[in-house]
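Okay, structure first, notes after.
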Amino acid sequence: MPEGSGSYLARLNPEQRAAIETTDGPLLVLAGAGTGKTRVLTTRFAHILLTGRAKPWQILAVTFTNKAAREMRERVGLLLGAPADGLWLGTFHALCARMLRRHAEYAGLTQGFTILDTDDQLRLLKQVMEPWRIDTKRWPPPGLLGVIQRWKDRGLTPARVTPAEDTDFANGHARAIYEAYQARLLQLNACDFGDLMLHVTEILRTQPDVLAQYHRLFRYILVDEYQDTNTVQYLWLRLLAKRPDGAANICCVGDDDQSIYSWRGAEVENILRFEKDFPGAQIVRLERNYRSTRHILGAAAGLIAHNADRLGKTLRSGRDDAEGDKVSVTGVWDSDAEARIVCETAESLRAQGHSLAEMAILVRAGFQTRAFEERLVQTGLPYRIVGGIRFYERAEVRDAIAYMRALTQPADDLAFERIVNVPKRGVGPAALQKLHAAARAAGVSLSVATAQLVENATLKGKLGEQLGKLMTALATTRDIMARDGHVVAIEHLLEESGYLDMWRQDRSPEAPGRLENLKELVRALADFGTLGEFLEHVALVMEHDENAQEARLSIMTLHGAKGLEFDIVFLPGWEEGVFPSQRTLDEGGQKGLEEERRLAYVGITRARKQALIFHAGSRRIYANWQPSMPSRFLDELPDEHITRNDEGGMRHRGLHSTDSVFANGPVIARRRRDPLADDATSLQLGDHVRHARFGVGIVIAADRHHVEIAFENAGTKRLLSSFIEKL
Ligand code: ATP
Ligand code: MG
């Protein structure tokens with residue numbers, strides 16, 4: 001043990017230290033946001049190593065995102081003074097992917113199996129559903145995929161789905177289709193994301209030798225964000241943690257107030273089950289928050305106090321500089337103004353010396369990002385969309401990856417189907433059917449069948465010639481890969497298959513960018529030892545985050561922001577129907593609303609120094625402008641921690657310079673509980689009115705909150721009365 005290595009403990013408070021030094025036996029750390037749970041886990045990792053209790057590869061550490069895994073690897077490396085390699089550290093999915101590669105044969109796969117993305121899953125499911133002749137309008141395939149995914153989240157293989165578990169989805173055929181879908185995946189030597197957990201858990205359940213092997217390997221298990229584990233993850237953990245000798249060195253950290261994935265099958269009850277499953281478990285509570293200022297904490301605490309269903313925790317500031325700015329709540333005219341003001345604020349904060357890397361815009365739903373993206377592109381502020389929706393989702397990148405999959409996985413029909421006619425090779429639906437028929441008849445995959453047809457010269461004319469070229473390109477690429485490595489090989493493949501030429505000849509304005517992306521993709525390949533490693537990486541990052549070195553403003557969903565922290569956090573769209581979401585409101589239950597509130601709590605507690613909340617008076621949903629009401633969560637924020645920039649002032653000051661509310665500096669005013677109530681009677685049928693966007697019109701109908709107005713130039717609209725100026 002290096003001298004002075006105990007110093008890493010000195011910077012922790014006594015409770016944190018207890019959580020780290022209680023290395024043996026089951027331990028649950030239950031604590032609020034920013035109390036150092038993740039830090040405890042990281043330090044514990046290092047502590048176990050530094051005190052010689054285990055070798056780096058004997059610790060299993062589960063994080064919630066790839067980004068968190070990266071950070072933990074770095075932090076452990078820093079504490080150890082050397083880069084940490086060969087660790088079992090990653091997301092549930094990444095860890096399971098690695099395990100499944102080792103034991104693929106037990107799941108009916110071979111080691112080189114493909115991990116499908118959502119598009120492929122859906123395409124495959126549609127094919128599998130065909131024989132059932134399901135009315136897909138009534139039972140859309142994505143819905144069925146959801147049902148299957150929920151079963152997988154619960155650790156249910158088709159055989160484990162009891163008739164009682166079967167839903168009436170797809171007229172009661174869901175289980176049967178699930179079974180067929182799984183069988184088809186095995187034929188393709190592929191699995192989907194949910195299968196990674198499902199297969200491995202099933203192997204651990206049924207193969208005592210394999211389980212024993214991991215019991216010998218993993219001396220310690222560490223789990224972050226434990227409140228968001230679902231059933232299959234929980235089963236997996238329990239199998240690995242419960243050793244035959246009764247020892248269970250498992251440490252889980254979590255916060256019930258941050259449980260935000262129940263829609264993906266997470267069971268906050270796993271926290272409550274911990275003590276039952278691991279008798280003698282110790283529970284440590286951490287109460288000092290080291291992340292946020294006092295006002296940010298106060299606002300978050302006041303909000304979450306509105307939830308009834310809580311375990312209950314204390315949270316107080318652990319920072320000395322802790323007062324800070326109040327959380328600001330700003331009302332703006334519409335979603336365009338919101339995007340503009342958020343971006344302008346970010347820019348001026350940057351001018352004051354804040355790094356963009358320390359700012360984030362956290363949205364409730366994906367659709368919200370577009371307005372910000374457009375603004376940021378216009379103003380030239382560097383940003384990144386966190387969540388993998390950018391680079392690897394682009395069509396040309398996906399095509400190129402399909403080429404790679406077709407290369408390494410001759411059984412991967414989905415990949416082959418994607419590329420067989422890209423660029424155009426005369427493979428229309430009829431030709432494709434012919435290929436499929438040949439594959440079925442010979443009991444081989446599409447690409448093998450195509451190769452045979454080419455060889456026998458069964459395919460005539462242009463089709464035969466073109467497919468011949470493709471098959472030759474694939475074959476020569478395999479040779480080159482063996483000789484010169486995967487980077488050179490893929491360059492060759494994209495060239496010889498005619499794929500690059502397709503974009504070179506494309507005259508659309510996007511084509512040069514696409515070629516750039518393909519170049520970048522080949523560049524990225526070089527970071528990986530083999531093509532297989534790269535493809536695995538792609539499958540995993542597609543699911544979650546991306547990395548970027550340059551200082552950029554981050555845009556991400558609230559769900560994606562869990563566990564992260566930023567100096568400045570922008571929280572736009574706090575309106576009824578956006579946040580809480582329309583879906584939650586439609587469902588109408590308390591449970592859904594409480595989960596939305598936890599999400600709001602997660603959002604506010606990401607901020608170290610400033611949290612800025614926004615709500616817009618109207619919002620463009622597709623082509624239409626719709627009036628919107630401030631979120632109920634705004635009323636739940638305690639006044640003493642909030643600065644409100646009252647949008648009500650907008651109306652009295654005139655409708656045109658809405659942004660001046662902000663430009664004039666914060667206007668501290670209490671927002672009315674129901675901003676509409678006092679307007680309800682002020683507008684009457686026949687009144688002449690003006691609306692900032694739609695111009696002048698006449699009121700033709702009115703109820704308590706809404707008015708219907710016939711505008712001179714904008715047709716008839718139903719609007720919130722609070723944004724109408726009476727003439
Ligand atoms: P979340 O619930 O959001 O995941 P968390 O409980 O995991 O939060 P961390 O991210 O580990 O909290 O810690 C929050 C911040 O507080 C980090 O910047 C961390 O470095 C810092 N921190 C944690 N413990 C201490 C401490 N004892 N002294 C000073 N700073 C600390
Ligand atoms: Mg954390």
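Quick note on naming: the chains in the structure tokens go A, B, ... in the order shown, residues restart at 1 in each chain, and ligands are numbered from 1 in order of appearance.
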
*asked:* Need the shell around A:Ala439: protein/DNA/RNA residues with any atom at most 8 Å away, counting only C-alpha atoms. Skip same-chain ones fewer than 4 positions apart. Format as a ChimeraX atom specification?
replied: /A:435,443-446,448-450

With C-alpha atoms retained, export the selected residues as a compact mmCIF listing (two decimals), in the first residue's frame.
# COMPACT_ATOMS: atom_id res chain seq x y z
CA LEU A 435 -33.01 -13.83 -53.08
CA GLY A 443 -31.42 -22.88 -45.55
CA VAL A 444 -28.73 -20.22 -45.65
CA SER A 445 -28.55 -16.49 -45.07
CA LEU A 446 -29.37 -13.89 -47.68
CA VAL A 448 -24.65 -16.62 -48.69
CA ALA A 449 -27.55 -17.33 -51.03
CA THR A 450 -26.67 -14.31 -53.13

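Every residue having at least one atom no farther than 8 Å from ligand 2 is included below, with only C-alpha atoms and all ligand atoms taken into account: Ala33, Gly34, Gly36, Lys37, Thr38, Arg39, Asp224, Glu225, Gly254, Lys562, Gly563 and Leu564 of chain A.
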
*asked:* Give me, as JSON, numbers by chain, the set of residues whose atoms come within 9 Å of any atom of ligand 1, counting only C-alpha atoms and all ligand atoms.
replied: {"A": [10, 11, 12, 13, 14, 16, 17, 31, 32, 33, 34, 35, 36, 37, 38, 39, 40, 41, 42, 224, 225, 253, 254, 255, 258, 286, 288, 289, 290, 291, 292, 318, 319, 561, 562, 563, 564, 565, 602, 605, 606, 608]}

Go ahead and dump the residues you just picked, N, CA and C atoms, as a tab-separated table (two decimals), in the first residue's frame.
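Final output, out_21.tsv:
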chain	number	residue	atom	x	y	z
A	10	ALA	N	-9.38	11.44	3.55
A	10	ALA	CA	-9.42	12.64	4.38
A	10	ALA	C	-10.41	13.67	3.85
A	11	ARG	N	-10.63	13.64	2.54
A	11	ARG	CA	-11.50	14.66	1.95
A	11	ARG	C	-12.98	14.30	2.02
A	12	LEU	N	-13.30	13.32	2.81
A	12	LEU	CA	-14.70	12.88	2.88
A	12	LEU	C	-15.27	13.12	4.26
A	13	ASN	N	-16.58	13.20	4.34
A	13	ASN	CA	-17.19	13.36	5.66
A	13	ASN	C	-17.32	11.99	6.34
A	14	PRO	N	-17.60	11.97	7.64
A	14	PRO	CA	-17.56	10.70	8.39
A	14	PRO	C	-18.52	9.64	7.83
A	16	GLN	N	-19.60	9.35	4.74
A	16	GLN	CA	-19.03	8.85	3.48
A	16	GLN	C	-17.90	7.88	3.76
A	17	ARG	N	-17.08	8.23	4.75
A	17	ARG	CA	-15.95	7.37	5.06
A	17	ARG	C	-16.44	6.01	5.56
A	31	ALA	N	-29.39	8.14	-0.27
A	31	ALA	CA	-29.12	9.56	-0.02
A	31	ALA	C	-29.57	10.42	-1.18
A	32	GLY	N	-29.82	11.68	-0.89
A	32	GLY	CA	-30.34	12.62	-1.87
A	32	GLY	C	-29.31	13.02	-2.92
A	33	ALA	N	-29.76	13.87	-3.82
A	33	ALA	CA	-28.92	14.29	-4.94
A	33	ALA	C	-27.69	15.03	-4.46
A	34	GLY	N	-26.57	14.77	-5.09
A	34	GLY	CA	-25.36	15.54	-4.85
A	34	GLY	C	-24.70	15.31	-3.50
A	35	THR	N	-25.06	14.23	-2.83
A	35	THR	CA	-24.49	13.97	-1.51
A	35	THR	C	-23.19	13.17	-1.61
A	36	GLY	N	-22.78	12.85	-2.81
A	36	GLY	CA	-21.51	12.15	-2.98
A	36	GLY	C	-21.64	10.64	-3.09
A	37	LYS	N	-22.81	10.16	-3.49
A	37	LYS	CA	-22.99	8.71	-3.64
A	37	LYS	C	-22.02	8.14	-4.67
A	38	THR	N	-21.98	8.79	-5.82
A	38	THR	CA	-21.10	8.29	-6.87
A	38	THR	C	-19.64	8.41	-6.43
A	39	ARG	N	-19.36	9.50	-5.73
A	39	ARG	CA	-18.00	9.67	-5.24
A	39	ARG	C	-17.63	8.59	-4.24
A	40	VAL	N	-18.57	8.23	-3.40
A	40	VAL	CA	-18.34	7.14	-2.45
A	40	VAL	C	-18.02	5.85	-3.20
A	41	LEU	N	-18.78	5.60	-4.23
A	41	LEU	CA	-18.59	4.37	-5.00
A	41	LEU	C	-17.21	4.32	-5.65
A	42	THR	N	-16.82	5.45	-6.22
A	42	THR	CA	-15.52	5.52	-6.88
A	42	THR	C	-14.39	5.35	-5.87
A	224	ASP	N	-24.27	1.87	-9.01
A	224	ASP	CA	-24.72	3.27	-8.93
A	224	ASP	C	-26.17	3.36	-9.41
A	225	GLU	N	-26.89	4.40	-9.01
A	225	GLU	CA	-28.26	4.65	-9.46
A	225	GLU	C	-29.15	3.41	-9.25
A	253	VAL	N	-25.80	2.20	-4.30
A	253	VAL	CA	-26.14	3.56	-3.89
A	253	VAL	C	-27.32	4.06	-4.72
A	254	GLY	N	-28.21	4.79	-4.08
A	254	GLY	CA	-29.38	5.25	-4.81
A	254	GLY	C	-30.17	6.30	-4.06
A	255	ASP	N	-31.17	6.81	-4.74
A	255	ASP	CA	-32.02	7.86	-4.20
A	255	ASP	C	-33.43	7.64	-4.74
A	258	GLN	N	-35.03	10.06	-7.09
A	258	GLN	CA	-34.54	10.20	-8.46
A	258	GLN	C	-34.89	8.99	-9.31
A	286	LEU	N	-26.50	9.66	3.68
A	286	LEU	CA	-25.65	10.84	3.52
A	286	LEU	C	-26.58	12.04	3.43
A	288	ARG	N	-25.36	15.58	3.49
A	288	ARG	CA	-24.78	16.84	3.04
A	288	ARG	C	-24.63	16.86	1.53
A	289	ASN	N	-25.22	17.88	0.96
A	289	ASN	CA	-25.10	18.04	-0.49
A	289	ASN	C	-23.92	18.95	-0.78
A	290	TYR	N	-23.01	18.48	-1.63
A	290	TYR	CA	-21.81	19.26	-1.94
A	290	TYR	C	-21.90	19.88	-3.32
A	291	ARG	N	-22.97	19.69	-3.99
A	291	ARG	CA	-23.04	20.14	-5.37
A	291	ARG	C	-23.61	21.54	-5.52
A	292	SER	N	-24.77	21.75	-4.92
A	292	SER	CA	-25.57	22.92	-5.29
A	292	SER	C	-25.60	23.98	-4.20
A	318	GLY	N	-23.77	21.28	2.11
A	318	GLY	CA	-22.47	20.99	2.69
A	318	GLY	C	-21.42	21.96	2.20
A	319	ARG	N	-21.87	22.98	1.45
A	319	ARG	CA	-20.92	23.94	0.90
A	319	ARG	C	-20.87	25.19	1.76
A	561	ALA	N	-29.66	13.15	-18.14
A	561	ALA	CA	-28.79	13.99	-17.32
A	561	ALA	C	-28.57	13.41	-15.92
A	562	LYS	N	-29.24	12.34	-15.64
A	562	LYS	CA	-29.16	11.76	-14.30
A	562	LYS	C	-27.70	11.49	-13.91
A	563	GLY	N	-27.35	11.86	-12.69
A	563	GLY	CA	-26.00	11.60	-12.19
A	563	GLY	C	-24.97	12.64	-12.61
A	564	LEU	N	-25.33	13.51	-13.59
A	564	LEU	CA	-24.37	14.51	-14.07
A	564	LEU	C	-24.52	15.82	-13.30
A	565	GLU	N	-23.55	16.71	-13.46
A	565	GLU	CA	-23.67	18.04	-12.86
A	565	GLU	C	-23.05	19.10	-13.75
A	602	VAL	N	-34.67	15.96	-10.37
A	602	VAL	CA	-33.39	15.61	-10.99
A	602	VAL	C	-32.86	16.80	-11.77
A	605	THR	N	-31.52	19.67	-9.49
A	605	THR	CA	-30.35	19.29	-8.70
A	605	THR	C	-29.12	18.98	-9.55
A	606	ARG	N	-29.22	19.13	-10.89
A	606	ARG	CA	-28.01	19.00	-11.71
A	606	ARG	C	-27.15	20.25	-11.60
A	608	ARG	N	-24.95	23.33	-10.21
A	608	ARG	CA	-24.10	23.71	-9.09
A	608	ARG	C	-24.39	25.14	-8.68

*Surrounding residues of stretch 97-107 of chain A excluding itself and chain neighbours under 6 positions, 7 Å, only C-alpha atoms, as a PyMOL selection string*: chain A and resi 196+199-200+203

*Got a sec: who's within 8 Å of A:Pro141, counting only C-alpha atoms, leaving out chain neighbours fewer than 4 positions off, as a list in words?*
Leu122, Leu125, Lys126, Thr136 and Leu145 of chain A

Kindly save the residues from that selection, with N, CA and C atoms included, as an mmCIF file, in the first residue's frame.
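Output (selection39.cif):
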data_model
loop_
_atom_site.group_PDB
_atom_site.id
_atom_site.type_symbol
_atom_site.label_atom_id
_atom_site.label_comp_id
_atom_site.auth_asym_id
_atom_site.auth_seq_id
_atom_site.Cartn_x
_atom_site.Cartn_y
_atom_site.Cartn_z
ATOM 1 N N LEU A 122 -37.345 -3.348 -35.258
ATOM 2 C CA LEU A 122 -38.694 -3.108 -35.742
ATOM 3 C C LEU A 122 -38.905 -3.778 -37.097
ATOM 4 N N LEU A 125 -39.286 -7.432 -36.445
ATOM 5 C CA LEU A 125 -40.551 -7.783 -35.814
ATOM 6 C C LEU A 125 -41.689 -7.749 -36.842
ATOM 7 N N LYS A 126 -41.649 -6.752 -37.714
ATOM 8 C CA LYS A 126 -42.691 -6.664 -38.747
ATOM 9 C C LYS A 126 -42.685 -7.912 -39.618
ATOM 10 N N THR A 136 -52.145 -3.965 -38.178
ATOM 11 C CA THR A 136 -51.071 -3.152 -37.589
ATOM 12 C C THR A 136 -51.511 -1.716 -37.314
ATOM 13 N N LEU A 145 -43.334 -4.250 -29.799
ATOM 14 C CA LEU A 145 -41.929 -4.267 -29.398
ATOM 15 C C LEU A 145 -41.807 -3.818 -27.939
#

*Just asking: which residues within stretch 391-561 of chain A are alpha helix (DSSP H) according to DSSP, as a count of residues only?*
114

*List the neighbours of stretch 492-495 of chain A out to 7 Å using only C-alpha atoms; skip same-chain residues closer than 3 positions along the sequence, and give me the result as a list in words.*
Ala473, Leu474, Thr477, Val488, Ala489, Gly498, Tyr499 and Leu500 of chain A

*asked:* Quick one: residues within 12 Å of A:Lys424, only C-alpha atoms, excluding same-chain residues fewer than 6 positions away - as a count of residues only?
replied: 12

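If you look at atom CA of A:Thr330 and atom CA of A:Thr584, they are 23.6 Å away from each other.
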
*Write out as a list in words each polymer residue whose atoms come within 10 Å of A:Ala300, counting only C-alpha atoms; drop sequence neighbours fewer than 6 positions from it.*
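The residues satisfying every condition are Ala33, Arg294, Val327, Arg597, Arg598, Ala600, Tyr601, Val602, Gly603, Ile604, Thr605, Glu636, Leu637, Pro638 and His641 of chain A.
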
*So which one's closest to A:Ile490, A:Ala511, A:Met404, A:Ala457, A:Ala241? Using only C-alpha atoms, please.*
A:Met404

*Pick from A:Ile401, A:Val223, A:Ala611, A:Ala266, whichever lies nearest to A:Asp325 using only C-alpha atoms*: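 Smallest distance to A:Asp325 is found for A:Ala611.
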
*Enter the distance from atom CA of A:Pro410 to atom CA of A:Leu518, in Å, rounded to one decimal.*
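We find that atom CA of A:Pro410 and atom CA of A:Leu518 lie 22.5 Å from each other.
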